[in-house]
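Visitor: My structure is below; once you've seen it, I'll send some questions.
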Amino acid sequence: MTALAPSSLPCHDPLAGFIRSAAFLCGAAEERIDRLCARIGVPHDPAGWRSTLNNDGSPIQICLGLRPGTARANVRLIADPHLGGRDALSRSSQSREALAQLAEWLTPDMASLCTSVLEHMTPSGRGIPYLRDGGDAWLAAGIDGRGVAIYATARWGDPASRWARALAWLADLSPAAAQAAATLTTLADHSALISVGVEGSTAGDARAKFYWRPNGSAPLSGLGVSLLMHEALPAFLSDATEGMATPVSAIVGSVGVSVATGSLADVKLDLCGHCVPRSRTDWAQRIERYADRHGLTAPPVIALEPDAPIEIAFVGLGIDRDLRPRLNVYLKPMVRGGHQ
């Protein structure tokens, strides 16, 4: 008989309840996740939660990455370190302080790549006012201490300049990326860039990441990225949106480029759990179906207690250049009375 996650109601600390449920799903110690939250600077008090990372202002996600041949998910924490203040200096300093807290996991080359995101791709790094309440950069780290990432919002300045700014940054980061840049230039004609980032443990395995939303209803085959035509991706979208009128804004695509080689590394399509409002049980059943289809081990989402303060933020299917699949399940705290 499957054990149920511990109940978290009543819950006066949504972060603690979320950590408890997430720890159950990924088989990790609560203390380990809590320490990483503290390290990046995620507050327990939701009064200060005004992040744009999630639709309701919560500043944290936990990503369960499922890959073939592994029985346990790769677990990453993604967080917005911004704690208040609307000026560029406060945002920049808080992001740098949070990055410094991860210094023991950062090789010098990864530190340089992460700093380049802060300096060149965030409004605060450029000294430009950013009118949204939350931070303009988000940090991520594996709870096992392997690998870090940083993501910056692209939603600032003239919308027409966002892809151009990102492509100029890629050219500086990876001069060998001319072919990938040509692919991204075609994609730019059919999409809106929403964020950029760097993921990896060293520069040798680091990827520059570009996150976008498609414009209109152009088919995946018309976006100019060959990996997006893999049959698994439209099948995933069709199943995940089954029976729902889904806005195009519910889809977030990403393209990864190897910093070392400049070649296309992977693609992924994420579905927003807020825009595709299925019950947690419904999502759990679909996640199990996607995992079975691709030879992955699904987390026991179905075994969560009904009152567990955890929600599906995104579910995404990715394909790498060797045509290997991965399924990412992004979890967020349930914020009662949030901005949903």
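Ordering of the structure tokens sets the chain letters (A, B, ...); residue numbers start at 1 within each chain; ligands are numbered from 1 in the order shown.
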Which residues come within 7 Å of Asn328 of chain A, counting only C-alpha atoms, excluding same-chain residues fewer than 2 positions away, as a count of residues only?
Guide: 9
Visitor: Can you check which residues of segment 69-226 of chain A DSSP gives as alpha helix (DSSP H) on the backbone and send them as an mmCIF file with all heavy atoms, in the first residue's frame?
Guide:
data_model
loop_
_atom_site.group_PDB
_atom_site.id
_atom_site.type_symbol
_atom_site.label_atom_id
_atom_site.label_comp_id
_atom_site.auth_asym_id
_atom_site.auth_seq_id
_atom_site.Cartn_x
_atom_site.Cartn_y
_atom_site.Cartn_z
ATOM 1 N N ALA A 88 16.886 49.514 -9.095
ATOM 2 C CA ALA A 88 17.787 48.548 -9.740
ATOM 3 C C ALA A 88 18.882 48.088 -8.787
ATOM 4 O O ALA A 88 19.276 46.914 -8.797
ATOM 5 C CB ALA A 88 18.403 49.179 -10.989
ATOM 6 N N LEU A 89 19.368 48.989 -7.927
ATOM 7 C CA LEU A 89 20.466 48.631 -7.038
ATOM 8 C C LEU A 89 20.062 47.527 -6.073
ATOM 9 O O LEU A 89 20.824 46.583 -5.836
ATOM 10 C CB LEU A 89 20.941 49.861 -6.263
ATOM 11 C CG LEU A 89 22.136 49.641 -5.321
ATOM 12 C CD1 LEU A 89 23.342 49.148 -6.105
ATOM 13 C CD2 LEU A 89 22.462 50.928 -4.567
ATOM 14 N N SER A 90 18.852 47.618 -5.513
ATOM 15 C CA SER A 90 18.418 46.593 -4.557
ATOM 16 C C SER A 90 18.264 45.246 -5.246
ATOM 17 O O SER A 90 18.642 44.215 -4.706
ATOM 18 C CB SER A 90 17.110 46.998 -3.880
ATOM 19 O OG SER A 90 16.034 46.996 -4.806
ATOM 20 N N ARG A 91 17.714 45.239 -6.434
ATOM 21 C CA ARG A 91 17.555 43.975 -7.158
ATOM 22 C C ARG A 91 18.910 43.363 -7.494
ATOM 23 O O ARG A 91 19.134 42.172 -7.331
ATOM 24 C CB ARG A 91 16.750 44.208 -8.443
ATOM 25 C CG ARG A 91 15.262 44.424 -8.206
ATOM 26 C CD ARG A 91 14.528 44.536 -9.535
ATOM 27 N NE ARG A 91 13.093 44.448 -9.348
ATOM 28 C CZ ARG A 91 12.292 45.483 -9.146
ATOM 29 N NH1 ARG A 91 12.800 46.699 -9.102
ATOM 30 N NH2 ARG A 91 10.986 45.320 -8.971
ATOM 31 N N SER A 92 19.814 44.188 -7.988
ATOM 32 C CA SER A 92 21.129 43.693 -8.378
ATOM 33 C C SER A 92 21.893 43.146 -7.181
ATOM 34 O O SER A 92 22.480 42.058 -7.242
ATOM 35 C CB SER A 92 21.924 44.819 -9.049
ATOM 36 O OG SER A 92 23.201 44.373 -9.442
ATOM 37 N N SER A 93 21.876 43.881 -6.077
ATOM 38 C CA SER A 93 22.647 43.447 -4.907
ATOM 39 C C SER A 93 22.074 42.169 -4.305
ATOM 40 O O SER A 93 22.828 41.282 -3.892
ATOM 41 C CB SER A 93 22.690 44.563 -3.854
ATOM 42 O OG SER A 93 21.391 44.866 -3.382
ATOM 43 N N GLN A 94 20.753 42.055 -4.277
ATOM 44 C CA GLN A 94 20.150 40.842 -3.717
ATOM 45 C C GLN A 94 20.457 39.626 -4.584
ATOM 46 O O GLN A 94 20.705 38.536 -4.064
ATOM 47 C CB GLN A 94 18.648 41.044 -3.555
ATOM 48 C CG GLN A 94 18.293 41.980 -2.406
ATOM 49 C CD GLN A 94 16.827 42.371 -2.377
ATOM 50 O OE1 GLN A 94 15.987 41.691 -2.938
ATOM 51 N NE2 GLN A 94 16.534 43.488 -1.727
ATOM 52 N N SER A 95 20.442 39.795 -5.912
ATOM 53 C CA SER A 95 20.784 38.679 -6.793
ATOM 54 C C SER A 95 22.234 38.263 -6.608
ATOM 55 O O SER A 95 22.560 37.068 -6.563
ATOM 56 C CB SER A 95 20.533 39.059 -8.252
ATOM 57 O OG SER A 95 19.162 39.271 -8.494
ATOM 58 N N ARG A 96 23.128 39.229 -6.492
ATOM 59 C CA ARG A 96 24.543 38.915 -6.325
ATOM 60 C C ARG A 96 24.804 38.247 -4.977
ATOM 61 O O ARG A 96 25.630 37.334 -4.873
ATOM 62 C CB ARG A 96 25.377 40.177 -6.472
ATOM 63 C CG ARG A 96 25.442 40.689 -7.903
ATOM 64 C CD ARG A 96 26.181 42.020 -7.998
ATOM 65 N NE ARG A 96 26.164 42.518 -9.360
ATOM 66 C CZ ARG A 96 27.029 42.176 -10.297
ATOM 67 N NH1 ARG A 96 28.005 41.325 -10.016
ATOM 68 N NH2 ARG A 96 26.942 42.676 -11.516
ATOM 69 N N GLU A 97 24.116 38.710 -3.937
ATOM 70 C CA GLU A 97 24.293 38.098 -2.623
ATOM 71 C C GLU A 97 23.805 36.652 -2.639
ATOM 72 O O GLU A 97 24.434 35.755 -2.065
ATOM 73 C CB GLU A 97 23.535 38.910 -1.567
ATOM 74 C CG GLU A 97 24.186 40.249 -1.244
ATOM 75 C CD GLU A 97 23.301 41.128 -0.393
ATOM 76 O OE1 GLU A 97 22.249 40.641 0.079
ATOM 77 O OE2 GLU A 97 23.640 42.307 -0.201
ATOM 78 N N ALA A 98 22.672 36.404 -3.289
ATOM 79 C CA ALA A 98 22.151 35.041 -3.367
ATOM 80 C C ALA A 98 23.096 34.151 -4.163
ATOM 81 O O ALA A 98 23.328 32.991 -3.799
ATOM 82 C CB ALA A 98 20.762 35.057 -4.008
ATOM 83 N N LEU A 99 23.660 34.678 -5.246
ATOM 84 C CA LEU A 99 24.615 33.910 -6.041
ATOM 85 C C LEU A 99 25.857 33.591 -5.206
ATOM 86 O O LEU A 99 26.404 32.483 -5.278
ATOM 87 C CB LEU A 99 24.989 34.695 -7.297
ATOM 88 C CG LEU A 99 25.841 33.976 -8.337
ATOM 89 C CD1 LEU A 99 25.148 32.720 -8.847
ATOM 90 C CD2 LEU A 99 26.142 34.919 -9.509
ATOM 91 N N ALA A 100 26.286 34.548 -4.396
ATOM 92 C CA ALA A 100 27.459 34.331 -3.547
ATOM 93 C C ALA A 100 27.216 33.219 -2.534
ATOM 94 O O ALA A 100 28.145 32.492 -2.147
ATOM 95 C CB ALA A 100 27.825 35.627 -2.829
ATOM 96 N N GLN A 101 25.966 33.048 -2.104
ATOM 97 C CA GLN A 101 25.639 31.989 -1.154
ATOM 98 C C GLN A 101 25.809 30.602 -1.767
ATOM 99 O O GLN A 101 25.918 29.606 -1.053
ATOM 100 C CB GLN A 101 24.200 32.156 -0.655
ATOM 101 C CG GLN A 101 23.977 33.362 0.227
ATOM 102 C CD GLN A 101 24.801 33.317 1.507
ATOM 103 O OE1 GLN A 101 24.886 32.279 2.172
ATOM 104 N NE2 GLN A 101 25.449 34.416 1.834
ATOM 105 N N PRO A 108 34.831 28.469 -11.151
ATOM 106 C CA PRO A 108 35.078 29.834 -11.614
ATOM 107 C C PRO A 108 34.431 30.136 -12.964
ATOM 108 O O PRO A 108 33.914 31.248 -13.174
ATOM 109 C CB PRO A 108 36.610 29.903 -11.692
ATOM 110 C CG PRO A 108 37.076 28.915 -10.675
ATOM 111 C CD PRO A 108 36.077 27.798 -10.721
ATOM 112 N N ASP A 109 34.429 29.149 -13.885
ATOM 113 C CA ASP A 109 33.834 29.442 -15.188
ATOM 114 C C ASP A 109 32.317 29.564 -15.107
ATOM 115 O O ASP A 109 31.713 30.390 -15.801
ATOM 116 C CB ASP A 109 34.262 28.398 -16.242
ATOM 117 C CG ASP A 109 34.081 26.958 -15.789
ATOM 118 O OD1 ASP A 109 33.441 26.726 -14.748
ATOM 119 O OD2 ASP A 109 34.586 26.055 -16.490
ATOM 120 N N MET A 110 31.655 28.769 -14.242
ATOM 121 C CA MET A 110 30.216 28.925 -14.071
ATOM 122 C C MET A 110 29.888 30.243 -13.374
ATOM 123 O O MET A 110 28.882 30.890 -13.682
ATOM 124 C CB MET A 110 29.633 27.755 -13.280
ATOM 125 C CG MET A 110 29.294 26.530 -14.111
ATOM 126 S SD MET A 110 28.143 26.868 -15.500
ATOM 127 C CE MET A 110 26.660 27.359 -14.629
ATOM 128 N N ALA A 111 30.732 30.647 -12.429
ATOM 129 C CA ALA A 111 30.518 31.935 -11.767
ATOM 130 C C ALA A 111 30.556 33.061 -12.790
ATOM 131 O O ALA A 111 29.742 33.988 -12.746
ATOM 132 C CB ALA A 111 31.579 32.152 -10.686
ATOM 133 N N SER A 112 31.491 32.965 -13.742
ATOM 134 C CA SER A 112 31.599 33.986 -14.775
ATOM 135 C C SER A 112 30.367 33.994 -15.677
ATOM 136 O O SER A 112 29.839 35.060 -16.030
ATOM 137 C CB SER A 112 32.857 33.740 -15.606
ATOM 138 O OG SER A 112 32.947 34.644 -16.685
ATOM 139 N N LEU A 113 29.881 32.807 -16.040
ATOM 140 C CA LEU A 113 28.690 32.728 -16.888
ATOM 141 C C LEU A 113 27.467 33.289 -16.168
ATOM 142 O O LEU A 113 26.672 34.032 -16.767
ATOM 143 C CB LEU A 113 28.438 31.280 -17.296
ATOM 144 C CG LEU A 113 29.446 30.640 -18.254
ATOM 145 C CD1 LEU A 113 29.138 29.162 -18.447
ATOM 146 C CD2 LEU A 113 29.443 31.362 -19.595
ATOM 147 N N CYS A 114 27.300 32.937 -14.905
ATOM 148 C CA CYS A 114 26.160 33.451 -14.145
ATOM 149 C C CYS A 114 26.234 34.963 -13.985
ATOM 150 O O CYS A 114 25.216 35.660 -14.096
ATOM 151 C CB CYS A 114 26.102 32.782 -12.769
ATOM 152 S SG CYS A 114 25.658 31.032 -12.816
ATOM 153 N N THR A 115 27.433 35.469 -13.745
ATOM 154 C CA THR A 115 27.594 36.913 -13.602
ATOM 155 C C THR A 115 27.272 37.628 -14.902
ATOM 156 O O THR A 115 26.711 38.728 -14.906
ATOM 157 C CB THR A 115 29.032 37.244 -13.161
ATOM 158 O OG1 THR A 115 29.286 36.611 -11.903
ATOM 159 C CG2 THR A 115 29.236 38.741 -13.008
ATOM 160 N N SER A 116 27.579 37.000 -16.036
ATOM 161 C CA SER A 116 27.275 37.630 -17.324
ATOM 162 C C SER A 116 25.771 37.805 -17.514
ATOM 163 O O SER A 116 25.317 38.782 -18.111
ATOM 164 C CB SER A 116 27.869 36.817 -18.484
ATOM 165 O OG SER A 116 27.054 35.703 -18.817
ATOM 166 N N VAL A 117 24.988 36.845 -16.992
ATOM 167 C CA VAL A 117 23.535 36.979 -17.071
ATOM 168 C C VAL A 117 23.082 38.185 -16.251
ATOM 169 O O VAL A 117 22.278 39.007 -16.711
ATOM 170 C CB VAL A 117 22.840 35.694 -16.579
ATOM 171 C CG1 VAL A 117 21.330 35.875 -16.543
ATOM 172 C CG2 VAL A 117 23.202 34.513 -17.471
ATOM 173 N N LEU A 118 23.606 38.299 -15.035
ATOM 174 C CA LEU A 118 23.230 39.428 -14.188
ATOM 175 C C LEU A 118 23.642 40.762 -14.799
ATOM 176 O O LEU A 118 22.882 41.731 -14.782
ATOM 177 C CB LEU A 118 23.864 39.284 -12.802
ATOM 178 C CG LEU A 118 23.283 38.234 -11.866
ATOM 179 C CD1 LEU A 118 24.075 38.197 -10.564
ATOM 180 C CD2 LEU A 118 21.818 38.522 -11.580
ATOM 181 N N GLU A 119 24.846 40.828 -15.340
ATOM 182 C CA GLU A 119 25.379 42.104 -15.819
ATOM 183 C C GLU A 119 24.772 42.545 -17.145
ATOM 184 O O GLU A 119 24.586 43.744 -17.376
ATOM 185 C CB GLU A 119 26.901 42.007 -15.961
ATOM 186 C CG GLU A 119 27.631 41.912 -14.632
ATOM 187 C CD GLU A 119 29.135 41.857 -14.817
ATOM 188 O OE1 GLU A 119 29.589 41.625 -15.968
ATOM 189 O OE2 GLU A 119 29.857 42.030 -13.815
ATOM 190 N N HIS A 120 24.477 41.595 -18.024
ATOM 191 C CA HIS A 120 24.090 41.966 -19.379
ATOM 192 C C HIS A 120 22.617 41.741 -19.710
ATOM 193 O O HIS A 120 22.099 42.353 -20.650
ATOM 194 C CB HIS A 120 24.946 41.199 -20.393
ATOM 195 C CG HIS A 120 26.409 41.479 -20.273
ATOM 196 N ND1 HIS A 120 26.964 42.704 -20.577
ATOM 197 C CD2 HIS A 120 27.435 40.687 -19.848
ATOM 198 C CE1 HIS A 120 28.268 42.655 -20.364
ATOM 199 N NE2 HIS A 120 28.576 41.458 -19.916
ATOM 200 N N MET A 121 21.934 40.864 -18.945
ATOM 201 C CA MET A 121 20.584 40.489 -19.356
ATOM 202 C C MET A 121 19.492 40.880 -18.371
ATOM 203 O O MET A 121 18.317 40.615 -18.620
ATOM 204 C CB MET A 121 20.536 38.971 -19.601
ATOM 205 C CG MET A 121 21.465 38.510 -20.712
ATOM 206 S SD MET A 121 21.254 39.426 -22.274
ATOM 207 C CE MET A 121 19.577 38.978 -22.695
ATOM 208 N N ARG A 162 14.185 42.530 -27.809
ATOM 209 C CA ARG A 162 14.520 41.522 -26.800
ATOM 210 C C ARG A 162 15.302 40.355 -27.385
ATOM 211 O O ARG A 162 16.311 39.923 -26.812
ATOM 212 C CB ARG A 162 13.239 41.058 -26.098
ATOM 213 C CG ARG A 162 12.624 42.193 -25.289
ATOM 214 C CD ARG A 162 11.246 41.859 -24.742
ATOM 215 N NE ARG A 162 10.665 43.040 -24.113
ATOM 216 C CZ ARG A 162 9.430 43.106 -23.626
ATOM 217 N NH1 ARG A 162 8.653 42.022 -23.688
ATOM 218 N NH2 ARG A 162 8.987 44.215 -23.076
ATOM 219 N N TRP A 163 14.844 39.811 -28.501
ATOM 220 C CA TRP A 163 15.596 38.725 -29.126
ATOM 221 C C TRP A 163 16.968 39.218 -29.589
ATOM 222 O O TRP A 163 17.977 38.505 -29.446
ATOM 223 C CB TRP A 163 14.817 38.144 -30.304
ATOM 224 C CG TRP A 163 13.921 36.992 -29.962
ATOM 225 C CD1 TRP A 163 12.561 36.968 -29.990
ATOM 226 C CD2 TRP A 163 14.325 35.672 -29.566
ATOM 227 N NE1 TRP A 163 12.085 35.725 -29.625
ATOM 228 C CE2 TRP A 163 13.150 34.904 -29.367
ATOM 229 C CE3 TRP A 163 15.563 35.064 -29.359
ATOM 230 C CZ2 TRP A 163 13.178 33.568 -28.970
ATOM 231 C CZ3 TRP A 163 15.593 33.728 -28.957
ATOM 232 C CH2 TRP A 163 14.414 32.999 -28.772
ATOM 233 N N ALA A 164 17.032 40.428 -30.143
ATOM 234 C CA ALA A 164 18.320 40.960 -30.611
ATOM 235 C C ALA A 164 19.305 41.078 -29.456
ATOM 236 O O ALA A 164 20.495 40.749 -29.589
ATOM 237 C CB ALA A 164 18.105 42.313 -31.282
ATOM 238 N N ARG A 165 18.823 41.543 -28.313
ATOM 239 C CA ARG A 165 19.686 41.669 -27.136
ATOM 240 C C ARG A 165 20.188 40.293 -26.693
ATOM 241 O O ARG A 165 21.367 40.114 -26.361
ATOM 242 C CB ARG A 165 18.893 42.348 -26.021
ATOM 243 C CG ARG A 165 19.674 42.565 -24.740
ATOM 244 C CD ARG A 165 18.915 43.467 -23.763
ATOM 245 N NE ARG A 165 17.636 42.900 -23.344
ATOM 246 C CZ ARG A 165 16.453 43.501 -23.463
ATOM 247 N NH1 ARG A 165 16.377 44.698 -24.018
ATOM 248 N NH2 ARG A 165 15.353 42.924 -23.030
ATOM 249 N N ALA A 166 19.295 39.301 -26.697
ATOM 250 C CA ALA A 166 19.675 37.953 -26.275
ATOM 251 C C ALA A 166 20.667 37.316 -27.238
ATOM 252 O O ALA A 166 21.612 36.630 -26.826
ATOM 253 C CB ALA A 166 18.421 37.083 -26.143
ATOM 254 N N LEU A 167 20.469 37.535 -28.532
ATOM 255 C CA LEU A 167 21.375 36.947 -29.521
ATOM 256 C C LEU A 167 22.757 37.599 -29.462
ATOM 257 O O LEU A 167 23.775 36.933 -29.684
ATOM 258 C CB LEU A 167 20.768 37.064 -30.915
ATOM 259 C CG LEU A 167 19.539 36.179 -31.152
ATOM 260 C CD1 LEU A 167 18.874 36.530 -32.488
ATOM 261 C CD2 LEU A 167 19.915 34.712 -31.104
ATOM 262 N N ALA A 168 22.803 38.882 -29.155
ATOM 263 C CA ALA A 168 24.101 39.547 -28.994
ATOM 264 C C ALA A 168 24.836 38.974 -27.785
ATOM 265 O O ALA A 168 26.062 38.749 -27.824
ATOM 266 C CB ALA A 168 23.893 41.051 -28.838
ATOM 267 N N TRP A 169 24.093 38.709 -26.710
ATOM 268 C CA TRP A 169 24.686 38.088 -25.517
ATOM 269 C C TRP A 169 25.206 36.692 -25.836
ATOM 270 O O TRP A 169 26.304 36.315 -25.424
ATOM 271 C CB TRP A 169 23.630 38.052 -24.410
ATOM 272 C CG TRP A 169 23.983 37.217 -23.227
ATOM 273 C CD1 TRP A 169 24.908 37.502 -22.260
ATOM 274 C CD2 TRP A 169 23.405 35.950 -22.870
ATOM 275 N NE1 TRP A 169 24.946 36.488 -21.321
ATOM 276 C CE2 TRP A 169 24.029 35.534 -21.675
ATOM 277 C CE3 TRP A 169 22.425 35.145 -23.429
ATOM 278 C CZ2 TRP A 169 23.699 34.336 -21.040
ATOM 279 C CZ3 TRP A 169 22.093 33.961 -22.807
ATOM 280 C CH2 TRP A 169 22.718 33.567 -21.628
ATOM 281 N N LEU A 170 24.436 35.898 -26.603
ATOM 282 C CA LEU A 170 24.878 34.551 -26.974
ATOM 283 C C LEU A 170 26.160 34.613 -27.794
ATOM 284 O O LEU A 170 27.078 33.806 -27.582
ATOM 285 C CB LEU A 170 23.780 33.841 -27.770
ATOM 286 C CG LEU A 170 24.149 32.458 -28.315
ATOM 287 C CD1 LEU A 170 24.440 31.478 -27.182
ATOM 288 C CD2 LEU A 170 23.039 31.915 -29.216
ATOM 289 N N ALA A 171 26.252 35.538 -28.725
ATOM 290 C CA ALA A 171 27.450 35.656 -29.557
ATOM 291 C C ALA A 171 28.682 35.957 -28.713
ATOM 292 O O ALA A 171 29.781 35.467 -28.993
ATOM 293 C CB ALA A 171 27.245 36.738 -30.610
ATOM 294 N N ASP A 172 28.491 36.755 -27.668
ATOM 295 C CA ASP A 172 29.606 37.085 -26.778
ATOM 296 C C ASP A 172 29.954 35.893 -25.889
ATOM 297 O O ASP A 172 31.126 35.613 -25.625
ATOM 298 C CB ASP A 172 29.235 38.294 -25.919
ATOM 299 C CG ASP A 172 30.370 38.719 -25.008
ATOM 300 O OD1 ASP A 172 31.438 39.113 -25.526
ATOM 301 O OD2 ASP A 172 30.204 38.647 -23.772
ATOM 302 N N LEU A 173 28.926 35.157 -25.459
ATOM 303 C CA LEU A 173 29.104 34.031 -24.554
ATOM 304 C C LEU A 173 29.730 32.840 -25.265
ATOM 305 O O LEU A 173 30.606 32.152 -24.727
ATOM 306 C CB LEU A 173 27.736 33.631 -23.987
ATOM 307 C CG LEU A 173 27.666 32.830 -22.707
ATOM 308 C CD1 LEU A 173 28.131 33.676 -21.527
ATOM 309 C CD2 LEU A 173 26.230 32.351 -22.479
ATOM 310 N N ALA A 178 27.078 30.409 -34.108
ATOM 311 C CA ALA A 178 26.483 31.075 -35.270
ATOM 312 C C ALA A 178 25.310 30.282 -35.844
ATOM 313 O O ALA A 178 24.266 30.854 -36.185
ATOM 314 C CB ALA A 178 27.542 31.305 -36.345
ATOM 315 N N GLN A 179 25.458 28.966 -35.940
ATOM 316 C CA GLN A 179 24.385 28.164 -36.516
ATOM 317 C C GLN A 179 23.159 28.154 -35.604
ATOM 318 O O GLN A 179 22.017 28.291 -36.060
ATOM 319 C CB GLN A 179 24.851 26.727 -36.763
ATOM 320 C CG GLN A 179 23.792 25.869 -37.453
ATOM 321 C CD GLN A 179 24.330 24.499 -37.844
ATOM 322 O OE1 GLN A 179 25.525 24.263 -37.849
ATOM 323 N NE2 GLN A 179 23.432 23.592 -38.197
ATOM 324 N N ALA A 180 23.385 27.997 -34.295
ATOM 325 C CA ALA A 180 22.272 28.041 -33.355
ATOM 326 C C ALA A 180 21.610 29.407 -33.371
ATOM 327 O O ALA A 180 20.383 29.515 -33.276
ATOM 328 C CB ALA A 180 22.760 27.704 -31.951
ATOM 329 N N ALA A 181 22.415 30.463 -33.515
ATOM 330 C CA ALA A 181 21.857 31.818 -33.569
ATOM 331 C C ALA A 181 20.967 31.996 -34.785
ATOM 332 O O ALA A 181 19.935 32.671 -34.720
ATOM 333 C CB ALA A 181 22.984 32.841 -33.566
ATOM 334 N N ALA A 182 21.332 31.378 -35.899
ATOM 335 C CA ALA A 182 20.497 31.463 -37.099
ATOM 336 C C ALA A 182 19.148 30.786 -36.865
ATOM 337 O O ALA A 182 18.095 31.287 -37.286
ATOM 338 C CB ALA A 182 21.219 30.813 -38.277
ATOM 339 N N THR A 183 19.161 29.654 -36.158
ATOM 340 C CA THR A 183 17.913 28.973 -35.812
ATOM 341 C C THR A 183 17.066 29.837 -34.901
ATOM 342 O O THR A 183 15.846 29.968 -35.087
ATOM 343 C CB THR A 183 18.224 27.630 -35.118
ATOM 344 O OG1 THR A 183 18.914 26.782 -36.030
ATOM 345 C CG2 THR A 183 16.957 26.943 -34.648
ATOM 346 N N LEU A 184 17.695 30.466 -33.914
ATOM 347 C CA LEU A 184 16.965 31.321 -32.983
ATOM 348 C C LEU A 184 16.421 32.568 -33.678
ATOM 349 O O LEU A 184 15.349 33.075 -33.311
ATOM 350 C CB LEU A 184 17.866 31.715 -31.821
ATOM 351 C CG LEU A 184 18.277 30.573 -30.877
ATOM 352 C CD1 LEU A 184 19.319 31.057 -29.887
ATOM 353 C CD2 LEU A 184 17.062 30.023 -30.142
ATOM 354 N N THR A 185 17.125 33.053 -34.683
ATOM 355 C CA THR A 185 16.642 34.211 -35.436
ATOM 356 C C THR A 185 15.342 33.873 -36.156
ATOM 357 O O THR A 185 14.407 34.683 -36.201
ATOM 358 C CB THR A 185 17.707 34.681 -36.442
ATOM 359 O OG1 THR A 185 18.891 35.072 -35.722
ATOM 360 C CG2 THR A 185 17.215 35.854 -37.258
ATOM 361 N N THR A 186 15.256 32.673 -36.704
ATOM 362 C CA THR A 186 14.004 32.230 -37.330
ATOM 363 C C THR A 186 12.909 32.083 -36.276
ATOM 364 O O THR A 186 11.764 32.519 -36.477
ATOM 365 C CB THR A 186 14.206 30.890 -38.050
ATOM 366 O OG1 THR A 186 15.223 31.041 -39.036
ATOM 367 C CG2 THR A 186 12.919 30.424 -38.713
ATOM 368 N N LEU A 187 13.238 31.482 -35.139
ATOM 369 C CA LEU A 187 12.272 31.337 -34.050
ATOM 370 C C LEU A 187 11.757 32.690 -33.586
ATOM 371 O O LEU A 187 10.575 32.843 -33.251
ATOM 372 C CB LEU A 187 12.923 30.580 -32.892
ATOM 373 C CG LEU A 187 12.099 30.412 -31.615
ATOM 374 C CD1 LEU A 187 10.846 29.578 -31.881
ATOM 375 C CD2 LEU A 187 12.952 29.765 -30.515
ATOM 376 N N ALA A 188 12.636 33.686 -33.585
ATOM 377 C CA ALA A 188 12.255 35.020 -33.116
ATOM 378 C C ALA A 188 11.122 35.624 -33.934
ATOM 379 O O ALA A 188 10.344 36.438 -33.424
ATOM 380 C CB ALA A 188 13.468 35.949 -33.143
#
Visitor: To one decimal place in Å, what is the distance between atom CA of Ala240 of chain A and atom CA of Pro309 of chain A?
Guide: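 Spanning atom CA of Ala240 of chain A to atom CA of Pro309 of chain A is a straight-line distance of 22.6 Å.
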Visitor: What separation in Å, quoted to one decimal, exists between atom CA of Tyr211 of chain A and atom CA of Leu131 of chain A?
Guide: 20.6 Å
Visitor: Which residues come within 12 Å of Tyr130 of chain A, counting only C-alpha atoms, excluding same-chain residues fewer than 2 positions away, as a list in words?
Guide: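 Neighbouring residues, sequence-local ones excluded: Gly85, Arg86, Asp87, Ala88, Leu89, Ser90, Arg91, Ser92, Thr122, Pro123, Ser124, Gly125, Arg126, Gly127, Ile128, Arg132, Asp133, Gly134, Gly135, Asp136, Ala137, Thr153, Ala154, Arg155, Trp156 and Gly157 of chain A.
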Visitor: Excluding Asp292 of chain A and its own-chain neighbours fewer than 5 positions away, which residues fall within 12 Å of it when counting only C-alpha atoms? Please give them as a tab-separated table (two decimals) with N, CA, C and O atoms, in the first residue's frame.
Guide:
chain	number	residue	atom	x	y	z
A	66	LEU	N	12.78	14.07	-14.68
A	66	LEU	CA	12.74	12.62	-14.89
A	66	LEU	C	13.45	12.28	-16.19
A	66	LEU	O	13.15	12.86	-17.24
A	67	ARG	N	14.37	11.33	-16.11
A	67	ARG	CA	15.15	10.93	-17.28
A	67	ARG	C	15.20	9.40	-17.38
A	67	ARG	O	15.12	8.72	-16.35
A	68	PRO	N	15.36	8.87	-18.59
A	68	PRO	CA	15.42	7.41	-18.74
A	68	PRO	C	16.59	6.81	-17.96
A	68	PRO	O	17.66	7.41	-17.86
A	285	GLN	N	-2.24	11.67	-12.86
A	285	GLN	CA	-2.50	10.55	-13.77
A	285	GLN	C	-1.84	10.78	-15.12
A	285	GLN	O	-1.29	9.84	-15.72
A	286	ARG	N	-1.87	12.00	-15.60
A	286	ARG	CA	-1.23	12.30	-16.88
A	286	ARG	C	0.28	12.21	-16.77
A	286	ARG	O	0.96	11.72	-17.68
A	287	ILE	N	0.84	12.69	-15.68
A	287	ILE	CA	2.29	12.60	-15.48
A	287	ILE	C	2.73	11.14	-15.48
A	287	ILE	O	3.75	10.78	-16.08
A	297	THR	N	10.43	7.18	-14.51
A	297	THR	CA	9.82	6.83	-13.23
A	297	THR	C	9.11	8.04	-12.67
A	297	THR	O	9.74	9.05	-12.33
A	298	ALA	N	7.79	7.97	-12.58
A	298	ALA	CA	6.99	9.12	-12.15
A	298	ALA	C	7.06	9.31	-10.64
A	298	ALA	O	7.12	8.33	-9.89
A	299	PRO	N	7.03	10.56	-10.16
A	299	PRO	CA	6.95	10.80	-8.72
A	299	PRO	C	5.54	10.45	-8.23
A	299	PRO	O	4.58	10.50	-9.00
A	325	PRO	N	14.33	11.72	-24.21
A	325	PRO	CA	13.29	12.54	-23.60
A	325	PRO	C	13.62	12.89	-22.14
A	325	PRO	O	14.42	12.21	-21.48
A	326	ARG	N	12.99	13.92	-21.64
A	326	ARG	CA	12.98	14.18	-20.21
A	326	ARG	C	11.64	14.82	-19.87
A	326	ARG	O	11.06	15.55	-20.68
A	327	LEU	N	11.14	14.52	-18.71
A	327	LEU	CA	9.89	15.09	-18.24
A	327	LEU	C	10.19	15.91	-16.99
A	327	LEU	O	10.77	15.39	-16.04
